[in-house]
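Here is work_18.txt, consisting of compact mmCIF, C-alpha atoms:
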# COMPACT_ATOMS: atom_id res chain seq x y z
CA MET A 1 20.24 20.91 7.96
CA GLU A 2 21.97 17.66 8.75
CA GLU A 3 22.44 17.13 12.44
CA GLY A 4 22.64 14.07 14.66
CA ALA A 5 20.07 11.56 13.57
CA ILE A 6 18.60 13.83 10.90
CA ILE A 7 19.70 12.95 7.40
CA GLN A 8 19.02 14.79 4.20
CA HIS A 9 17.88 13.09 1.03
CA ASP A 10 20.82 12.81 -1.36
CA ILE A 11 20.28 10.79 -4.50
CA LYS A 12 24.06 10.37 -4.91
CA LYS A 13 24.01 8.12 -1.82
CA ALA A 14 21.19 5.97 -3.20
CA PRO A 15 21.99 2.32 -3.78
CA LYS A 16 21.81 1.61 -7.50
CA THR A 17 19.11 -0.99 -7.29
CA GLY A 18 19.47 -1.79 -10.99
CA ASN A 19 22.04 -4.41 -10.04
CA TRP A 20 19.31 -6.53 -8.42
CA ARG A 21 17.93 -7.26 -11.85
CA TYR A 22 18.13 -10.66 -13.49
CA MET A 23 15.35 -10.08 -16.03
CA LYS A 24 15.44 -6.92 -18.10
CA PRO A 25 12.28 -5.24 -19.36
CA GLU A 26 12.51 -3.88 -22.88
CA VAL A 27 9.97 -1.56 -24.45
CA ASP A 28 8.91 -2.18 -28.01
CA LYS A 29 8.56 1.47 -29.05
CA GLU A 30 6.59 0.48 -32.15
CA LYS A 31 3.98 -1.34 -30.11
CA CYS A 32 3.81 1.06 -27.14
CA ILE A 33 0.69 3.22 -27.41
CA GLY A 34 1.86 5.70 -24.76
CA CYS A 35 -1.04 5.03 -22.38
CA ALA A 36 1.24 5.30 -19.30
CA THR A 37 -0.55 2.48 -17.44
CA CYS A 38 2.82 1.06 -16.37
CA VAL A 39 4.13 4.35 -14.95
CA PRO A 40 2.41 4.54 -11.52
CA PHE A 41 2.72 0.79 -10.84
CA CYS A 42 6.51 0.70 -11.14
CA PRO A 43 7.74 0.34 -7.53
CA GLU A 44 10.98 2.16 -8.41
CA ALA A 45 9.23 4.94 -10.36
CA ALA A 46 11.75 4.07 -13.08
CA ILE A 47 9.41 4.61 -16.04
CA GLU A 48 8.99 7.94 -17.71
CA MET A 49 7.05 8.88 -20.82
CA LYS A 50 9.59 10.29 -23.27
CA ARG A 51 9.22 11.43 -26.83
CA GLY A 52 12.04 10.22 -29.02
CA GLN A 53 13.12 11.70 -32.34
CA GLY A 54 10.43 11.50 -34.99
CA GLN A 55 7.89 10.05 -32.57
CA LYS A 56 4.44 11.57 -32.43
CA LYS A 57 3.60 10.26 -28.98
CA ALA A 58 5.59 9.93 -25.78
CA LYS A 59 6.54 6.30 -25.13
CA ALA A 60 7.56 4.41 -22.02
CA ASP A 61 11.24 4.74 -21.21
CA ILE A 62 12.88 2.70 -18.45
CA ASP A 63 15.65 3.92 -16.15
CA TYR A 64 17.89 0.85 -15.78
CA GLU A 65 19.89 2.45 -13.01
CA TYR A 66 17.05 1.69 -10.56
CA CYS A 67 14.86 -0.90 -12.34
CA LYS A 68 14.88 -4.09 -10.23
CA GLY A 69 13.39 -6.15 -13.04
CA CYS A 70 10.24 -7.21 -11.21
CA GLY A 71 8.21 -7.37 -14.41
CA VAL A 72 5.14 -5.50 -13.15
CA CYS A 73 5.28 -3.14 -16.16
CA ALA A 74 5.27 -6.04 -18.64
CA GLU A 75 2.33 -7.58 -16.81
CA VAL A 76 0.11 -4.48 -16.69
CA CYS A 77 0.84 -3.34 -20.26
CA PRO A 78 -2.48 -3.57 -22.15
CA VAL A 79 -0.81 -4.14 -25.54
CA LYS A 80 2.08 -6.29 -24.27
CA ALA A 81 4.70 -3.88 -25.56
CA ILE A 82 7.15 -4.65 -22.74
CA PHE A 83 9.12 -7.88 -22.80
CA MET A 84 11.19 -9.41 -20.03
CA LYS A 85 14.57 -10.58 -21.37
CA LYS A 86 17.33 -12.54 -19.63
CA MET B 87 13.73 8.11 -12.70
CA ASN B 88 10.29 9.64 -13.01
CA LYS B 89 10.49 13.21 -11.67
CA GLU B 90 6.79 13.67 -11.05
CA LEU B 91 6.40 10.41 -9.08
CA THR B 92 9.56 10.83 -7.01
CA LYS B 93 8.63 14.22 -5.59
CA ASN B 94 8.08 12.69 -2.15
CA LEU B 95 9.55 9.19 -2.19
CA ALA B 96 12.57 8.73 -4.44
CA SER B 97 13.96 5.66 -6.14
CA GLY B 98 16.83 3.79 -4.55
CA HIS B 99 14.79 2.36 -1.70
CA SER B 100 15.33 -1.32 -1.09
CA ALA B 101 11.78 -2.67 -1.07
CA CYS B 102 11.53 -6.07 -2.76
CA ALA B 103 11.26 -6.12 -6.53
CA GLY B 104 7.54 -6.06 -7.26
CA CYS B 105 6.46 -4.57 -3.93
CA ALA B 106 3.15 -2.71 -3.83
CA PHE B 107 3.63 -0.03 -1.19
CA PRO B 108 5.82 2.44 -3.13
CA THR B 109 2.84 2.86 -5.49
CA ILE B 110 0.50 3.42 -2.54
CA VAL B 111 2.77 6.01 -0.89
CA ARG B 112 3.41 7.92 -4.12
CA THR B 113 -0.24 7.91 -5.15
CA ILE B 114 -1.50 9.16 -1.80
CA LEU B 115 1.15 11.85 -1.33
CA GLY B 116 0.70 12.93 -4.94
CA GLU B 117 -2.81 14.05 -4.03
CA SER B 118 -1.62 16.64 -1.52
CA ASP B 119 -1.25 20.16 -2.88
CA VAL B 120 0.50 21.42 0.25
CA PRO B 121 3.69 20.22 2.02
CA VAL B 122 3.35 17.05 4.07
CA VAL B 123 5.02 15.71 7.21
CA ILE B 124 5.24 11.93 7.50
CA SER B 125 5.43 9.69 10.51
CA ASN B 126 6.07 6.03 9.93
CA ALA B 127 5.70 2.98 12.13
CA THR B 128 8.39 0.32 12.05
CA GLY B 129 7.84 -2.05 9.19
CA CYS B 130 8.89 -2.85 5.65
CA LEU B 131 8.32 0.71 4.46
CA GLU B 132 10.46 2.16 7.22
CA VAL B 133 13.42 -0.21 6.95
CA THR B 134 13.57 -0.18 3.17
CA SER B 135 13.26 3.57 2.67
CA THR B 136 15.72 4.73 5.32
CA LEU B 137 18.83 2.60 4.98
CA TYR B 138 21.61 4.71 6.48
CA PRO B 139 23.25 6.86 5.07
CA TYR B 140 20.54 7.17 2.43
CA THR B 141 16.94 8.22 2.84
CA ALA B 142 14.46 7.92 0.01
CA TRP B 143 12.22 10.54 1.62
CA LYS B 144 12.32 14.04 0.24
CA VAL B 145 9.74 15.27 2.74
CA PRO B 146 10.10 15.67 6.53
CA TYR B 147 9.86 12.18 7.93
CA ILE B 148 9.90 10.79 11.46
CA HIS B 149 10.29 7.22 12.54
CA ASN B 150 9.92 6.73 16.26
CA ALA B 151 8.97 3.23 17.33
CA PHE B 152 6.68 0.42 16.25
CA GLU B 153 3.77 1.27 18.50
CA ASN B 154 3.56 5.04 18.41
CA ALA B 155 3.40 6.33 14.85
CA ALA B 156 -0.02 7.88 15.49
CA ALA B 157 1.09 9.33 18.84
CA THR B 158 4.18 10.85 17.17
CA ILE B 159 2.15 12.56 14.47
CA SER B 160 -0.31 13.76 17.14
CA GLY B 161 2.52 15.65 18.84
CA VAL B 162 3.80 17.09 15.59
CA GLU B 163 0.32 18.20 14.58
CA ARG B 164 -0.34 19.85 17.96
CA ALA B 165 3.01 21.66 17.88
CA TYR B 166 2.20 22.93 14.39
CA LYS B 167 -1.20 24.12 15.56
CA ILE B 168 0.32 26.14 18.40
CA LEU B 169 3.09 27.61 16.23
CA LYS B 170 0.50 28.59 13.64
CA LYS B 171 -1.63 30.23 16.29
CA LYS B 172 1.40 32.22 17.43
CA GLY B 173 2.09 33.21 13.85
CA LYS B 174 5.48 31.46 13.66
CA ILE B 175 4.34 29.19 10.82
CA LYS B 176 2.17 30.63 8.10
CA LYS B 177 1.79 27.86 5.54
CA GLU B 178 -0.70 25.06 5.42
CA ILE B 179 0.79 21.62 6.19
CA LYS B 180 -0.77 18.16 6.06
CA PHE B 181 0.16 15.29 8.36
CA VAL B 182 0.24 11.69 7.19
CA THR B 183 1.11 8.48 8.99
CA PHE B 184 2.08 5.33 7.16
CA ALA B 185 2.06 1.98 8.90
CA GLY B 186 1.78 -1.65 7.95
CA ASP B 187 -0.92 -3.88 9.36
CA GLY B 188 1.32 -4.98 12.25
CA GLY B 189 1.88 -1.39 13.30
CA THR B 190 -1.83 -0.65 12.95
CA TYR B 191 -3.94 -3.68 13.86
CA ASP B 192 -1.76 -4.95 16.71
CA ILE B 193 1.21 -2.99 18.00
CA GLY B 194 0.15 0.56 17.15
CA PHE B 195 -3.50 -0.02 17.92
CA GLN B 196 -3.75 1.92 21.14
CA SER B 197 -1.89 4.96 19.82
CA LEU B 198 -4.06 4.97 16.67
CA SER B 199 -7.20 4.74 18.78
CA GLY B 200 -5.98 7.58 21.00
CA ALA B 201 -5.13 9.82 18.06
CA LEU B 202 -8.48 9.18 16.38
CA GLU B 203 -10.31 9.92 19.62
CA ARG B 204 -8.41 13.16 20.29
CA GLY B 205 -9.37 14.32 16.83
CA HIS B 206 -6.01 15.42 15.44
CA ASN B 207 -6.05 16.72 11.91
CA PHE B 208 -4.15 13.93 10.17
CA LEU B 209 -4.46 11.04 7.74
CA TYR B 210 -3.55 7.55 8.86
CA VAL B 211 -2.71 5.13 6.06
CA CYS B 212 -2.41 1.43 6.75
CA TYR B 213 -0.99 -0.65 3.92
CA ASP B 214 -2.33 -4.08 4.66
CA ASN B 215 -0.19 -7.00 3.54
CA GLY B 216 -1.62 -9.33 6.15
CA GLY B 217 1.34 -10.12 8.37
CA TYR B 218 4.73 -9.17 9.74
CA MET B 219 6.47 -9.40 6.39
CA ASN B 220 9.59 -7.52 7.42
CA THR B 221 10.55 -10.20 9.96
CA GLY B 222 9.63 -13.17 7.80
CA ASN B 223 5.87 -13.63 7.68
CA GLN B 224 4.50 -14.02 11.18
CA ARG B 225 0.73 -13.80 11.64
CA SER B 226 -0.92 -10.52 12.54
CA SER B 227 -4.56 -9.89 13.29
CA ALA B 228 -4.91 -8.83 9.64
CA THR B 229 -3.78 -12.22 8.29
CA PRO B 230 -6.72 -13.81 6.49
CA PHE B 231 -8.38 -17.01 7.69
CA GLY B 232 -6.65 -20.08 6.28
CA ALA B 233 -3.33 -18.45 5.36
CA ALA B 234 -0.15 -20.32 6.24
CA THR B 235 2.46 -18.18 8.00
CA GLU B 236 5.58 -18.88 10.08
CA THR B 237 3.52 -18.87 13.26
CA THR B 238 0.41 -20.53 11.81
CA PRO B 239 1.94 -23.22 9.61
CA SER B 240 -0.25 -25.67 7.73
CA GLY B 241 0.16 -29.35 8.51
CA LYS B 242 -1.55 -32.43 9.83
CA MET B 243 -3.36 -30.62 12.63
CA SER B 244 -3.77 -27.20 11.08
CA PHE B 245 -4.96 -25.53 7.88
CA GLY B 246 -3.12 -22.28 8.61
CA LYS B 247 -4.58 -19.35 10.51
CA MET B 248 -7.78 -20.39 12.27
CA GLU B 249 -8.98 -16.96 13.35
CA VAL B 250 -10.84 -14.40 11.28
CA ARG B 251 -9.33 -11.00 10.41
CA LYS B 252 -10.01 -8.12 12.72
CA ASN B 253 -12.48 -5.65 11.21
CA LEU B 254 -10.42 -2.52 11.57
CA MET B 255 -12.58 -0.36 9.32
CA ASP B 256 -15.53 -0.66 11.67
CA ILE B 257 -13.30 -0.08 14.69
CA ALA B 258 -11.93 3.12 13.12
CA ALA B 259 -15.44 4.23 12.15
CA ALA B 260 -16.64 3.56 15.69
CA HIS B 261 -14.38 6.41 16.84
CA GLY B 262 -16.70 8.68 14.91
CA VAL B 263 -14.01 9.75 12.44
CA PRO B 264 -15.32 11.96 9.61
CA TYR B 265 -13.84 9.80 6.87
CA ALA B 266 -12.57 6.23 6.63
CA ALA B 267 -12.12 4.23 3.45
CA GLN B 268 -10.92 0.88 2.22
CA ALA B 269 -8.96 1.02 -1.03
CA ASN B 270 -6.86 -1.21 -3.23
CA VAL B 271 -3.53 -0.55 -4.94
CA ALA B 272 -4.83 -1.97 -8.23
CA TYR B 273 -7.61 0.65 -8.41
CA LEU B 274 -5.56 3.84 -8.58
CA PRO B 275 -8.27 6.33 -9.63
CA ASP B 276 -10.34 5.16 -6.65
CA LEU B 277 -7.33 5.36 -4.33
CA LYS B 278 -6.55 8.88 -5.59
CA LYS B 279 -10.10 10.03 -5.01
CA LYS B 280 -10.10 8.63 -1.49
CA ALA B 281 -6.69 10.09 -0.65
CA ARG B 282 -7.78 13.54 -1.82
CA LYS B 283 -11.00 13.34 0.14
CA ALA B 284 -9.17 12.15 3.25
CA LEU B 285 -6.54 14.90 3.00
CA GLU B 286 -9.17 17.59 2.48
CA THR B 287 -11.34 16.44 5.36
CA GLU B 288 -10.77 18.28 8.62
CA GLY B 289 -10.02 15.90 11.50
CA PRO B 290 -8.67 12.38 11.72
CA THR B 291 -9.11 10.24 8.62
CA PHE B 292 -8.23 6.63 7.96
CA LEU B 293 -7.30 4.72 4.80
CA LEU B 294 -6.87 0.96 4.64
CA VAL B 295 -5.10 -0.05 1.45
CA PHE B 296 -4.62 -3.58 0.12
CA SER B 297 -0.94 -4.24 -0.55
CA PRO B 298 0.09 -7.68 -1.88
CA CYS B 299 3.46 -9.02 -0.67
CA THR B 300 5.37 -10.92 -3.32
CA ASN B 301 7.84 -12.48 -0.92
CA ASN B 302 5.56 -13.91 1.75
CA TRP B 303 2.30 -14.43 -0.10
CA LYS B 304 4.52 -16.40 -2.45
CA PHE B 305 3.70 -15.24 -5.95
CA PRO B 306 5.92 -14.09 -8.84
CA THR B 307 7.22 -10.51 -8.52
CA SER B 308 5.29 -9.34 -11.56
CA GLN B 309 1.84 -10.18 -10.20
CA PHE B 310 0.88 -7.67 -7.52
CA VAL B 311 -1.56 -5.72 -9.67
CA SER B 312 -3.45 -8.72 -10.98
CA ILE B 313 -3.68 -10.32 -7.52
CA ALA B 314 -4.90 -7.08 -5.94
CA LYS B 315 -7.48 -6.79 -8.71
CA LEU B 316 -8.70 -10.34 -8.04
CA ALA B 317 -9.10 -9.55 -4.33
CA THR B 318 -11.71 -6.93 -5.16
CA GLU B 319 -13.30 -8.86 -8.02
CA THR B 320 -13.96 -11.79 -5.66
CA ASN B 321 -15.33 -9.48 -2.93
CA PHE B 322 -12.47 -10.55 -0.68
CA TRP B 323 -11.48 -6.87 -0.44
CA PRO B 324 -14.50 -4.69 -1.22
CA LEU B 325 -13.88 -1.03 -1.94
CA TYR B 326 -15.97 1.18 0.30
CA GLU B 327 -15.94 4.35 2.33
CA ILE B 328 -17.55 5.51 5.53
CA GLU B 329 -18.30 9.21 5.49
CA LYS B 330 -19.71 10.56 8.75
CA GLY B 331 -21.12 7.12 9.55
CA LYS B 332 -22.62 6.61 6.10
CA TYR B 333 -21.43 3.57 4.19
CA LYS B 334 -20.91 3.62 0.46
CA ILE B 335 -19.64 0.78 -1.73
CA ASN B 336 -17.45 2.16 -4.52
CA TRP B 337 -17.05 -0.90 -6.68
CA ALA B 338 -19.40 -3.83 -7.05
CA THR B 339 -20.15 -6.44 -9.64
CA GLU B 340 -23.25 -8.49 -10.35
CA LYS B 341 -21.24 -11.66 -10.55
CA PRO B 342 -18.27 -11.75 -8.18
CA LYS B 343 -15.64 -14.34 -9.09
CA PRO B 344 -15.31 -17.34 -6.76
CA VAL B 345 -12.79 -16.62 -4.00
CA GLU B 346 -10.86 -19.71 -5.14
CA GLU B 347 -9.51 -17.68 -8.06
CA PHE B 348 -7.88 -15.25 -5.64
CA LEU B 349 -6.60 -17.97 -3.30
CA LYS B 350 -4.97 -20.08 -6.00
CA THR B 351 -2.67 -17.28 -7.10
CA GLN B 352 -0.71 -17.42 -3.84
CA GLY B 353 1.56 -19.95 -2.18
CA ARG B 354 0.30 -19.10 1.30
CA PHE B 355 -3.07 -20.71 0.42
CA LYS B 356 -1.61 -23.63 -1.54
CA HIS B 357 -2.34 -26.15 1.20
CA LEU B 358 -6.07 -25.35 1.01
CA PHE B 359 -6.26 -27.10 -2.35
CA SER B 360 -5.43 -30.52 -0.89
CA GLU B 361 -8.27 -33.05 -0.53
CA LYS B 362 -8.32 -32.68 3.26
CA ASN B 363 -8.55 -28.89 3.30
CA LYS B 364 -11.08 -28.45 0.48
CA PRO B 365 -13.95 -27.60 2.93
CA VAL B 366 -11.94 -24.62 4.22
CA ILE B 367 -12.26 -22.92 0.82
CA GLY B 368 -16.03 -23.31 1.06
CA GLN B 369 -15.86 -21.80 4.52
CA ILE B 370 -13.84 -18.81 3.25
CA GLN B 371 -16.35 -18.31 0.41
CA LYS B 372 -19.20 -18.26 2.95
CA MET B 373 -17.36 -15.74 5.11
CA VAL B 374 -16.63 -13.47 2.15
CA ASP B 375 -20.28 -13.60 1.01
CA ALA B 376 -21.61 -12.97 4.51
CA GLU B 377 -19.25 -10.03 5.00
CA PHE B 378 -20.26 -8.46 1.69
CA ARG B 379 -23.96 -8.94 2.50
CA ARG B 380 -23.40 -7.28 5.88
CA LEU B 381 -21.63 -4.40 4.17
CA ALA B 382 -24.39 -4.03 1.57
CA SER B 383 -26.99 -3.99 4.35
CA LEU B 384 -25.18 -1.04 5.97
CA VAL B 385 -25.48 1.04 2.81
CA GLU B 386 -28.62 3.12 2.97
Translate this file's structure into structure tokens.
Amino acid sequence: MEEGAIIQHDIKKAPKTGNWRYMKPEVDKEKCIGCATCVPFCPEAAIEMKRGQGQKKAKADIDYEYCKGCGVCAEVCPVKAIFMKK
Amino acid sequence: MNKELTKNLASGHSACAGCAFPTIVRTILGESDVPVVISNATGCLEVTSTLYPYTAWKVPYIHNAFENAAATISGVERAYKILKKKGKIKKEIKFVTFAGDGGTYDIGFQSLSGALERGHNFLYVCYDNGGYMNTGNQRSSATPFGAATETTPSGKMSFGKMEVRKNLMDIAAAHGVPYAAQANVAYLPDLKKKARKALETEGPTFLLVFSPCTNNWKFPTSQFVSIAKLATETNFWPLYEIEKGKYKINWATEKPKPVEEFLKTQGRFKHLFSEKNKPVIGQIQKMVDAEFRRLASLVE
């Protein structure tokens, strides 16, 4: 239902907040231990644990469409596997 | 985009980079096993999550005005109760209000008090960032002693805010609510436990969650977790709960860090480190110690 002041969630209308970013977090998949500490702290919920080809464990994977580049993930990472790059 | 985390609040909201409240909202709502209905007071959370024509909320959500978030949810909860009694709604639904400290401590205070007193079955969550951050950092009654804000600037005659924070936890507990708890965004397992307990408890429940503000506390966007952690480690923000009048401290250390370590991480306390304002830090330390002693004395 979409009537008057009521609006329905539609992700297609979402602003792509990735264009706010001036520092880009990059995950070092070799170093990442897959602990998922960064996942709940990401304000954009842009981090997912994904298992790539030939990987035993799921590793952090960042959605750059929404990542604002705040750097919280790099800060909370216990093994410093996320780097902020210009 | 993380599917599990965005079940209730999606990405694409326009909260500042490095803001703490999306984590709070997602963690608390993630603990509900049944559908939720949200009411939200005016504030950062409201303006950033509902920018027309987009809404980041995937759950029923009402924003009414600044002062009546608790009154709004009261009405919704009562309507649900009647419809359930008549058999028109069968499923179990939880009701949650989110408000900042402005919408809780000051402007929404009377409606919160009324809703707690009437005993509606809902959870009220206040994310406390210590000021009116949405309008550019004006003081609220949650702003800590000594903090510089737009309306309590530091200068020749002033060291920032000269009044002490309102003790909202005790005020909420004085309503005789079955469950009230103070939590911190940096301690997620604790926050989860408290959210689950609050949602499962019948009657009005209250959560006060520490939420650092990168923009107006003036710290780098990457720091909210470490600063929130320091707030608890220095006893500035103790984690405790009040269950049916019984106090329980959830996290304590033998050797709390000096409060200076928390203060020096933020620009809003920068002026306290000048020669003239040094005694104020001592004063804050004394207040923090006294408050923690008082709290400890309340634990049986």
Contact check, chain B to chain A, at most 8 Å, counting all atoms listed in the file, closest pairs as CSV:
residue,atom,partner,partner_atom,distance
B:Met87,CA,A:Ala46,CA,4.5
B:Asn88,CA,A:Glu48,CA,5.2
B:Leu91,CA,A:Ala45,CA,6.3
B:Thr92,CA,A:Ala45,CA,6.8
B:Ala96,CA,A:Ala45,CA,7.8
B:Ser97,CA,A:Glu44,CA,5.1
B:Gly98,CA,A:Ala14,CA,5.1
B:His99,CA,A:Pro15,CA,7.5
B:Ser100,CA,A:Thr17,CA,7.3
B:Ala103,CA,A:Cys70,CA,4.9
B:Gly104,CA,A:Cys70,CA,4.9
B:Cys105,CA,A:Pro43,CA,6.2
B:Ala106,CA,A:Pro43,CA,6.6
B:Phe107,CA,A:Pro43,CA,7.6
B:Pro108,CA,A:Pro43,CA,5.2
B:Thr109,CA,A:Phe41,CA,5.7
B:Thr113,CA,A:Pro40,CA,7.7
B:Pro139,CA,A:Lys13,CA,7.0
B:Tyr140,CA,A:Lys13,CA,5.6
B:Thr141,CA,A:His9,CA,5.3
B:Ala142,CA,A:His9,CA,6.3
B:Trp143,CA,A:His9,CA,6.2
B:Lys144,CA,A:His9,CA,5.7
B:Thr307,CA,A:Cys70,CA,5.2
B:Ser308,CA,A:Val72,CA,4.2
B:Gln309,CA,A:Val72,CA,6.4
B:Phe310,CA,A:Val72,CA,7.4
B:Val311,CA,A:Val76,CA,7.3
B:Ser312,CA,A:Val76,CA,8.0
Quiz item: Neighbours of region 334-349 of chain B within 6 Å (all atoms listed in the file; same-chain residues fewer than 5 positions away dropped), as a list in words?
Solution: Leu316, Ala317, Glu319, Thr320, Leu325, Tyr326, Glu327, Phe355, Gln371 and Val385 of chain B
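Of the listed residues (B:Val182, B:Ala272, B:Ile367, B:Ala284), B:Ala272 comes nearest to Thr37 (chain A); the distances count all atoms listed in the file.
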Practice problem: Kindly give the distance, in Å, that separates CA of Lys280 (chain B) and CA of Asn94 (chain B), rounded to a single decimal. | Solution: 18.6 Å
Quiz item: So which residues touch Phe305 (chain B) within 8 Å, counting all atoms listed in the file, skipping near sequence neighbours fewer than 6 positions away, as a ChimeraX atom specification?
Solution: /B:351-353
Exercise. Excluding Ser297 (chain B) and any residue of its chain fewer than 3 positions from it, enumerate the residues within 6 Å of it, using all atoms listed in the file, and give them as a ChimeraX atom specification.
Key: /B:106,213-215
Quiz item: Can you tell me, as a ChimeraX atom specification, what residues are no more than 7 Å from Ser227 (chain B) when counting all atoms listed in the file, ignoring any on the same chain fewer than 5 positions away?
Solution: /B:191-192,251-252
Quiz prompt | Coordinates-based distance that separates CA of Lys180 (chain B) from CA of Lys167 (chain B) (Å, one decimal) | solution =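 So the two atoms, CA of Lys167 (chain B) and CA of Lys180 (chain B), lie 11.2 Å apart.
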Quiz item: In terms of the shortest atom-to-atom distance over all atoms listed in the file, which of B:Gly188, B:Pro290, B:Pro324, B:Gly173 is closest to Ala382 (chain B)?
Solution: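 Closest to Ala382 (chain B), using all atoms listed in the file: B:Pro324.
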Quiz item: At most 10 Å from (7.5, 2.4, -29.1), file frame, only C-alpha atoms: which residues, as number ranges by chain?
Solution: A: 27-34, 51-52, 55, 57-61, 81-82
Self-check item: Counting all atoms listed in the file, the option among B:Ile168, B:Ile370, B:Ile159, B:Ala259 closest to Tyr147 (chain B)
Solution: B:Ile159
Practice problem: Would you list the residues near (-10.4, -3.0, -1.7), meaning any protein, DNA or RNA residue with an atom at most 7 Å from that point in file coordinates, counting all atoms listed in the file, as a PyMOL selection string? | Solution: chain B and resi 268-270+295-296+318+323-325
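Proximity to region 153-158 of chain B at 10 Å, evaluated using all atoms listed in the file and with sequence-adjacent residues fewer than 5 positions away removed, yields Ile124, Ser125, Asn126, Ala127, Thr128, Ile148, Glu163, Val182, Thr183, Phe184, Ala185, Gly188, Gly189, Thr190, Asp192, Ile193, Gly194, Phe195, Gln196, Ser197, Leu198, Ser199, Gly200, Ala201, Leu202, His206, Phe208, Leu209 and Tyr210 of chain B.
Distances to Asn321 (chain B) were evaluated for B:Asp187, B:Val271, B:Thr291, B:Ala376 using only C-alpha atoms, and the minimum falls at B:Ala376.
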Quiz item: If you measure from CA of Glu132 (chain B) to CA of Glu3 (chain A), what distance in Å do you get, rounded to one decimal?
Solution: 19.9 Å
How would region 311-323 of chain B look with N, CA and C atoms restored, written as a PDB file, in the coordinates of the input?
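Result file follows (selection.pdb):
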ATOM      1  N   VAL B 311      -0.373  -6.432  -9.196  1.00  0.00           N
ATOM      2  CA  VAL B 311      -1.560  -5.720  -9.670  1.00  0.00           C
ATOM      3  C   VAL B 311      -2.703  -6.696  -9.957  1.00  0.00           C
ATOM      4  N   SER B 312      -2.377  -7.782 -10.624  1.00  0.00           N
ATOM      5  CA  SER B 312      -3.450  -8.720 -10.980  1.00  0.00           C
ATOM      6  C   SER B 312      -4.025  -9.389  -9.741  1.00  0.00           C
ATOM      7  N   ILE B 313      -3.186  -9.676  -8.739  1.00  0.00           N
ATOM      8  CA  ILE B 313      -3.680 -10.320  -7.520  1.00  0.00           C
ATOM      9  C   ILE B 313      -4.546  -9.339  -6.723  1.00  0.00           C
ATOM     10  N   ALA B 314      -4.113  -8.081  -6.659  1.00  0.00           N
ATOM     11  CA  ALA B 314      -4.900  -7.080  -5.940  1.00  0.00           C
ATOM     12  C   ALA B 314      -6.252  -6.887  -6.635  1.00  0.00           C
ATOM     13  N   LYS B 315      -6.245  -6.939  -7.948  1.00  0.00           N
ATOM     14  CA  LYS B 315      -7.480  -6.790  -8.710  1.00  0.00           C
ATOM     15  C   LYS B 315      -8.432  -7.947  -8.386  1.00  0.00           C
ATOM     16  N   LEU B 316      -7.871  -9.173  -8.345  1.00  0.00           N
ATOM     17  CA  LEU B 316      -8.700 -10.340  -8.040  1.00  0.00           C
ATOM     18  C   LEU B 316      -9.319 -10.249  -6.653  1.00  0.00           C
ATOM     19  N   ALA B 317      -8.582  -9.653  -5.698  1.00  0.00           N
ATOM     20  CA  ALA B 317      -9.100  -9.550  -4.330  1.00  0.00           C
ATOM     21  C   ALA B 317     -10.393  -8.758  -4.305  1.00  0.00           C
ATOM     22  N   THR B 318     -10.476  -7.722  -5.127  1.00  0.00           N
ATOM     23  CA  THR B 318     -11.710  -6.930  -5.160  1.00  0.00           C
ATOM     24  C   THR B 318     -12.769  -7.599  -6.025  1.00  0.00           C
ATOM     25  N   GLU B 319     -12.335  -8.209  -7.123  1.00  0.00           N
ATOM     26  CA  GLU B 319     -13.300  -8.860  -8.020  1.00  0.00           C
ATOM     27  C   GLU B 319     -13.992 -10.059  -7.368  1.00  0.00           C
ATOM     28  N   THR B 320     -13.338 -10.660  -6.348  1.00  0.00           N
ATOM     29  CA  THR B 320     -13.960 -11.790  -5.660  1.00  0.00           C
ATOM     30  C   THR B 320     -14.683 -11.344  -4.390  1.00  0.00           C
ATOM     31  N   ASN B 321     -14.730 -10.041  -4.153  1.00  0.00           N
ATOM     32  CA  ASN B 321     -15.330  -9.480  -2.930  1.00  0.00           C
ATOM     33  C   ASN B 321     -14.534  -9.786  -1.667  1.00  0.00           C
ATOM     34  N   PHE B 322     -13.326 -10.312  -1.837  1.00  0.00           N
ATOM     35  CA  PHE B 322     -12.470 -10.550  -0.680  1.00  0.00           C
ATOM     36  C   PHE B 322     -12.074  -9.204  -0.057  1.00  0.00           C
ATOM     37  N   TRP B 323     -11.889  -8.202  -0.889  1.00  0.00           N
ATOM     38  CA  TRP B 323     -11.480  -6.870  -0.440  1.00  0.00           C
ATOM     39  C   TRP B 323     -12.390  -5.822  -1.086  1.00  0.00           C
TER      40      TRP B 323
END
